[in-house]
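> Input file: entry_23.txt. Contents: compact mmCIF, C-alpha atoms.
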# COMPACT_ATOMS: atom_id res chain seq x y z
CA MET A 1 263.15 298.27 211.64
CA ALA A 2 260.36 300.36 213.14
CA VAL A 3 256.94 300.00 211.57
CA GLU A 4 255.02 303.19 210.98
CA HIS A 5 251.34 303.09 211.73
CA ALA A 6 248.78 304.86 209.61
CA PRO A 7 247.50 308.07 211.16
CA ALA A 8 244.36 307.73 213.20
CA PRO A 9 241.29 308.54 211.13
CA SER A 10 239.73 311.87 211.94
CA GLN A 11 236.56 311.69 213.95
CA PHE A 12 235.22 314.57 211.83
CA ARG A 13 234.35 314.87 208.16
CA VAL A 14 234.65 318.49 207.10
CA THR A 15 233.71 320.04 203.77
CA LEU A 16 233.67 323.64 202.66
CA PHE A 17 230.07 324.69 202.03
CA VAL A 18 230.54 328.30 200.89
CA GLY A 19 233.00 331.14 201.18
CA PRO A 20 234.70 333.32 201.63
CA GLN A 21 231.84 335.76 201.63
CA PRO A 22 231.94 339.33 202.89
CA ILE A 23 229.72 339.94 205.90
CA GLU A 24 227.31 342.75 204.98
CA GLU A 25 227.02 344.38 208.37
CA ARG A 26 230.78 344.20 209.02
CA PRO A 27 232.94 345.67 206.26
CA SER A 28 236.31 344.01 205.71
CA THR A 29 235.17 340.81 207.42
CA TYR A 30 234.77 337.45 205.69
CA SER A 31 233.07 334.18 206.51
CA CYS A 32 233.55 330.62 205.30
CA VAL A 33 230.88 328.08 206.18
CA PHE A 34 231.85 324.44 206.65
CA ASN A 35 229.71 321.33 206.98
CA VAL A 36 230.99 319.28 209.91
CA LYS A 37 229.95 315.73 210.71
CA LYS A 38 231.32 313.76 213.64
CA ARG A 39 231.25 309.97 213.35
CA SER A 40 229.12 309.62 216.48
CA TRP A 41 226.57 312.26 215.45
CA LYS A 42 223.36 311.37 213.62
CA GLY A 43 223.55 314.58 211.60
CA GLY A 44 226.01 317.27 210.73
CA ILE A 45 226.26 320.93 211.62
CA GLN A 46 227.34 324.10 209.89
CA VAL A 47 230.15 326.18 211.32
CA ALA A 48 230.78 329.70 210.08
CA VAL A 49 234.40 330.78 210.51
CA VAL A 50 234.86 334.55 210.54
CA LEU A 51 238.07 336.50 209.89
CA SER A 52 238.72 340.21 209.57
CA GLN A 53 240.72 341.53 206.63
CA ARG A 54 243.25 342.88 209.14
CA HIS A 55 243.88 339.36 210.47
CA ILE A 56 243.96 337.90 206.96
CA ASP A 57 246.57 340.46 205.90
CA GLN A 58 248.67 339.85 209.00
CA LEU A 59 248.60 336.07 208.58
CA SER A 60 249.46 336.40 204.90
CA THR A 61 252.47 338.53 205.82
CA ASP A 62 253.47 336.15 208.64
CA ILE A 63 253.92 333.24 206.23
CA HIS A 64 255.23 335.34 203.31
CA PHE A 65 252.27 334.32 201.18
CA PRO A 66 252.52 337.29 198.77
CA ARG A 67 256.13 336.38 197.95
CA TRP A 68 255.22 332.72 197.46
CA LEU A 69 252.32 333.67 195.20
CA THR A 70 254.45 335.99 193.09
CA LEU A 71 256.97 333.19 192.53
CA ALA A 72 254.22 330.65 191.88
CA LEU A 73 252.62 332.81 189.18
CA VAL A 74 255.74 334.24 187.55
CA ASP A 75 255.41 332.19 184.34
CA LEU A 76 251.75 333.04 183.70
CA ALA A 77 250.55 335.61 181.18
CA GLU A 78 249.53 338.93 182.76
CA GLU A 79 245.76 338.41 182.32
CA ASP A 80 245.99 334.91 183.82
CA ARG A 81 248.18 336.15 186.67
CA VAL A 82 245.59 338.76 187.74
CA SER A 83 242.72 336.25 187.86
CA HIS A 84 244.91 333.70 189.66
CA GLN A 85 245.94 336.32 192.25
CA GLU A 86 242.30 337.15 192.99
CA ARG A 87 241.38 333.48 193.31
CA ALA A 88 244.50 332.79 195.41
CA HIS A 89 243.35 335.43 197.91
CA GLU A 90 240.00 333.63 198.27
CA LEU A 91 241.73 330.26 198.61
CA PHE A 92 244.09 331.67 201.23
CA ILE A 93 241.10 332.81 203.30
CA GLN A 94 239.50 329.36 202.94
CA ALA A 95 242.69 327.63 204.09
CA VAL A 96 243.13 329.95 207.08
CA CYS A 97 239.49 329.45 208.05
CA TRP A 98 240.09 325.69 207.83
CA CYS A 99 243.04 326.04 210.22
CA LYS A 100 240.86 328.03 212.63
CA LEU A 101 238.09 325.42 212.41
CA ASP A 102 240.60 322.62 213.10
CA LEU A 103 241.58 324.40 216.33
CA ALA A 104 237.94 324.44 217.41
CA LEU A 105 237.51 320.77 216.52
CA GLN A 106 240.58 319.85 218.55
CA ALA A 107 239.25 321.81 221.52
CA GLY A 108 235.85 320.12 221.24
CA ILE A 109 232.75 321.32 219.46
CA THR A 110 229.09 320.84 220.26
CA GLN A 111 226.56 319.44 217.83
CA GLU A 112 224.90 322.73 216.95
CA ASN A 113 225.27 325.24 214.17
CA GLN A 114 227.67 327.93 215.30
CA SER A 115 230.01 330.73 214.37
CA LEU A 116 233.68 331.09 215.25
CA THR A 117 233.92 334.86 215.46
CA ASP A 118 236.88 336.97 214.49
CA SER A 119 237.38 337.79 218.18
CA THR A 120 238.88 334.33 218.70
CA GLU A 121 242.44 334.53 220.03
CA ILE A 122 244.48 335.43 216.94
CA ALA A 123 247.78 334.26 218.47
CA GLU A 124 246.55 330.65 218.52
CA VAL A 125 245.28 330.95 214.94
CA ARG A 126 248.57 332.57 213.92
CA ASP A 127 250.56 329.65 215.37
CA ALA A 128 248.33 327.16 213.57
CA VAL A 129 248.69 328.99 210.26
CA ILE A 130 252.47 329.20 210.61
CA ASN A 131 252.65 325.49 211.48
CA ARG A 132 250.44 324.62 208.51
CA THR A 133 252.06 326.86 205.89
CA ASN A 134 252.72 323.88 203.62
CA PHE A 135 249.05 322.87 203.82
CA ILE A 136 247.99 326.40 202.88
CA THR A 137 250.33 326.75 199.91
CA SER A 138 249.58 323.20 198.73
CA TYR A 139 245.85 323.88 198.95
CA VAL A 140 246.15 327.10 196.95
CA ALA A 141 248.48 325.53 194.37
CA SER A 142 246.20 322.52 193.95
CA GLU A 143 243.05 324.62 193.51
CA LEU A 144 244.84 326.84 190.96
CA ASP A 145 246.17 323.77 189.11
CA LEU A 146 249.77 324.84 189.68
CA VAL A 147 252.43 322.16 189.52
CA LEU A 148 253.98 322.00 193.00
CA SER A 149 257.43 321.07 191.72
CA ASP A 150 257.46 324.40 189.88
CA VAL A 151 256.34 326.36 192.92
CA THR A 152 258.93 327.65 195.34
CA THR A 153 258.29 326.66 198.94
CA LEU A 154 258.26 329.25 201.68
As structure tokens, how would this structure be written, given the file I've shared?

Amino acid sequence: MAVEHAPAPSQFRVTLFVGPQPIEERPSTYSCVFNVKKRSWKGGIQVAVVLSQRHIDQLSTDIHFPRWLTLALVDLAEEDRVSHQERAHELFIQAVCWCKLDLALQAGITQENQSLTDSTEIAEVRDAVINRTNFITSYVASELDLVLSDVTTL
């Protein structure tokens, strides 16, 4: 019988600091700011992850997020459904920003505050989002206090 080993611990500790927030000078563009601390660093950094609404909409469509959300909220009262939909949109942006940040961490990141602009190659982000669809829907469901067994998977 093969013995499974525990996954290697991440060398980074990442927490969401704030977001998504609209960027004033760039309409239809959002930013999430994460605190990032690498084990070997004495201090952490802040990384702003920026996404345009166009990219957010495309990624949402790519993983059929609107359909999943409709099914996930079908049993809620109308007034609850509307507030959950608004919050789910924010949570979706957070999760996608987290995927984009993870790509940067995997590629290597310097110990300085920085911004991952929305000009970053969207194809790579798209692949990461598609590969992490279960993470995204689980994150949204958890934050909305939805029971996953009641939520249809994509």
> Check the smallest atom-to-atom distance from each of A:Phe92, A:Trp41, A:Tyr139, A:Phe34 to A:Gln11 using only C-alpha atoms, then report the winner.
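When distances to A:Gln11 are compared using only C-alpha atoms, the smallest one comes from A:Trp41.
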> Taking only C-alpha atoms into account, which of A:Ser138, A:Pro27, A:Ile56, A:Ala123 comes nearest A:Leu103?
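Of A:Ser138, A:Pro27, A:Ile56, A:Ala123, the one nearest A:Leu103 is A:Ala123, counting only C-alpha atoms.
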> Give the answer as one residue: which of A:Leu91, A:Ala72, A:Leu105, A:Val129 has the shortest atom-to-atom distance to A:Val147, using all atoms listed in the file?
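Using all atoms listed in the file, A:Val147 sits closest to A:Ala72.
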> Compare A:Gly19, A:Gln58, A:Leu69, A:Ala48 by their minimum atom-to-atom distance to A:Ala104, counting all atoms listed in the file, and give me the closest one.
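Answer, going by the shortest atom-to-atom distance: A:Ala48.
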> Could you state the separation of atom CA of A:His55 and atom CA of A:Leu73 in Å, given to one decimal place?
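Straight-line distance from atom CA of A:His55 to atom CA of A:Leu73 works out to 23.9 Å.
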> Can you put N, CA and C atoms back into stretch 30-53 of chain A and show it as a JSON list (two decimals), in the coordinates of the input?

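The result, written out as out.json:
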[["chain", "number", "residue", "atom", "x", "y", "z"],
["A", 30, "TYR", "N", 235.17, 338.54, 206.57],
["A", 30, "TYR", "CA", 234.77, 337.45, 205.69],
["A", 30, "TYR", "C", 234.37, 336.23, 206.50],
["A", 31, "SER", "N", 233.54, 335.40, 205.87],
["A", 31, "SER", "CA", 233.07, 334.18, 206.51],
["A", 31, "SER", "C", 233.16, 333.02, 205.53],
["A", 32, "CYS", "N", 233.62, 331.89, 206.02],
["A", 32, "CYS", "CA", 233.55, 330.62, 205.30],
["A", 32, "CYS", "C", 232.67, 329.70, 206.13],
["A", 33, "VAL", "N", 231.77, 328.99, 205.47],
["A", 33, "VAL", "CA", 230.88, 328.08, 206.18],
["A", 33, "VAL", "C", 231.27, 326.65, 205.81],
["A", 34, "PHE", "N", 231.45, 325.83, 206.82],
["A", 34, "PHE", "CA", 231.85, 324.44, 206.65],
["A", 34, "PHE", "C", 230.75, 323.52, 207.17],
["A", 35, "ASN", "N", 230.55, 322.41, 206.47],
["A", 35, "ASN", "CA", 229.71, 321.33, 206.98],
["A", 35, "ASN", "C", 230.62, 320.42, 207.80],
["A", 36, "VAL", "N", 230.19, 320.11, 209.01],
["A", 36, "VAL", "CA", 230.99, 319.28, 209.91],
["A", 36, "VAL", "C", 230.13, 318.12, 210.39],
["A", 37, "LYS", "N", 230.66, 316.93, 210.27],
["A", 37, "LYS", "CA", 229.95, 315.73, 210.71],
["A", 37, "LYS", "C", 230.92, 314.89, 211.54],
["A", 38, "LYS", "N", 230.53, 314.63, 212.76],
["A", 38, "LYS", "CA", 231.32, 313.76, 213.64],
["A", 38, "LYS", "C", 230.78, 312.35, 213.50],
["A", 39, "ARG", "N", 231.65, 311.37, 213.54],
["A", 39, "ARG", "CA", 231.25, 309.97, 213.35],
["A", 39, "ARG", "C", 230.11, 309.55, 214.28],
["A", 40, "SER", "N", 230.13, 310.05, 215.51],
["A", 40, "SER", "CA", 229.12, 309.62, 216.48],
["A", 40, "SER", "C", 227.82, 310.42, 216.40],
["A", 41, "TRP", "N", 227.78, 311.46, 215.57],
["A", 41, "TRP", "CA", 226.57, 312.26, 215.45],
["A", 41, "TRP", "C", 225.64, 311.67, 214.40],
["A", 42, "LYS", "N", 224.33, 311.82, 214.62],
["A", 42, "LYS", "CA", 223.36, 311.37, 213.62],
["A", 42, "LYS", "C", 223.30, 312.32, 212.44],
["A", 43, "GLY", "N", 223.57, 313.58, 212.67],
["A", 43, "GLY", "CA", 223.55, 314.58, 211.60],
["A", 43, "GLY", "C", 224.72, 315.53, 211.74],
["A", 44, "GLY", "N", 224.92, 316.32, 210.72],
["A", 44, "GLY", "CA", 226.01, 317.27, 210.73],
["A", 44, "GLY", "C", 225.56, 318.65, 211.17],
["A", 45, "ILE", "N", 226.52, 319.55, 211.26],
["A", 45, "ILE", "CA", 226.26, 320.93, 211.62],
["A", 45, "ILE", "C", 226.96, 321.84, 210.62],
["A", 46, "GLN", "N", 226.62, 323.11, 210.67],
["A", 46, "GLN", "CA", 227.34, 324.10, 209.89],
["A", 46, "GLN", "C", 228.07, 325.02, 210.85],
["A", 47, "VAL", "N", 229.34, 325.29, 210.51],
["A", 47, "VAL", "CA", 230.15, 326.18, 211.32],
["A", 47, "VAL", "C", 230.65, 327.31, 210.43],
["A", 48, "ALA", "N", 230.29, 328.53, 210.79],
["A", 48, "ALA", "CA", 230.78, 329.70, 210.08],
["A", 48, "ALA", "C", 232.07, 330.15, 210.76],
["A", 49, "VAL", "N", 233.11, 330.32, 209.98],
["A", 49, "VAL", "CA", 234.40, 330.78, 210.51],
["A", 49, "VAL", "C", 234.62, 332.20, 209.98],
["A", 50, "VAL", "N", 234.79, 333.13, 210.89],
["A", 50, "VAL", "CA", 234.86, 334.55, 210.54],
["A", 50, "VAL", "C", 236.27, 335.08, 210.77],
["A", 51, "LEU", "N", 236.75, 335.85, 209.79],
["A", 51, "LEU", "CA", 238.07, 336.50, 209.89],
["A", 51, "LEU", "C", 237.97, 337.92, 209.38],
["A", 52, "SER", "N", 238.66, 338.83, 210.05],
["A", 52, "SER", "CA", 238.72, 340.21, 209.57],
["A", 52, "SER", "C", 239.82, 340.33, 208.53],
["A", 53, "GLN", "N", 239.69, 341.30, 207.64],
["A", 53, "GLN", "CA", 240.72, 341.53, 206.63],
["A", 53, "GLN", "C", 242.05, 341.86, 207.28]]
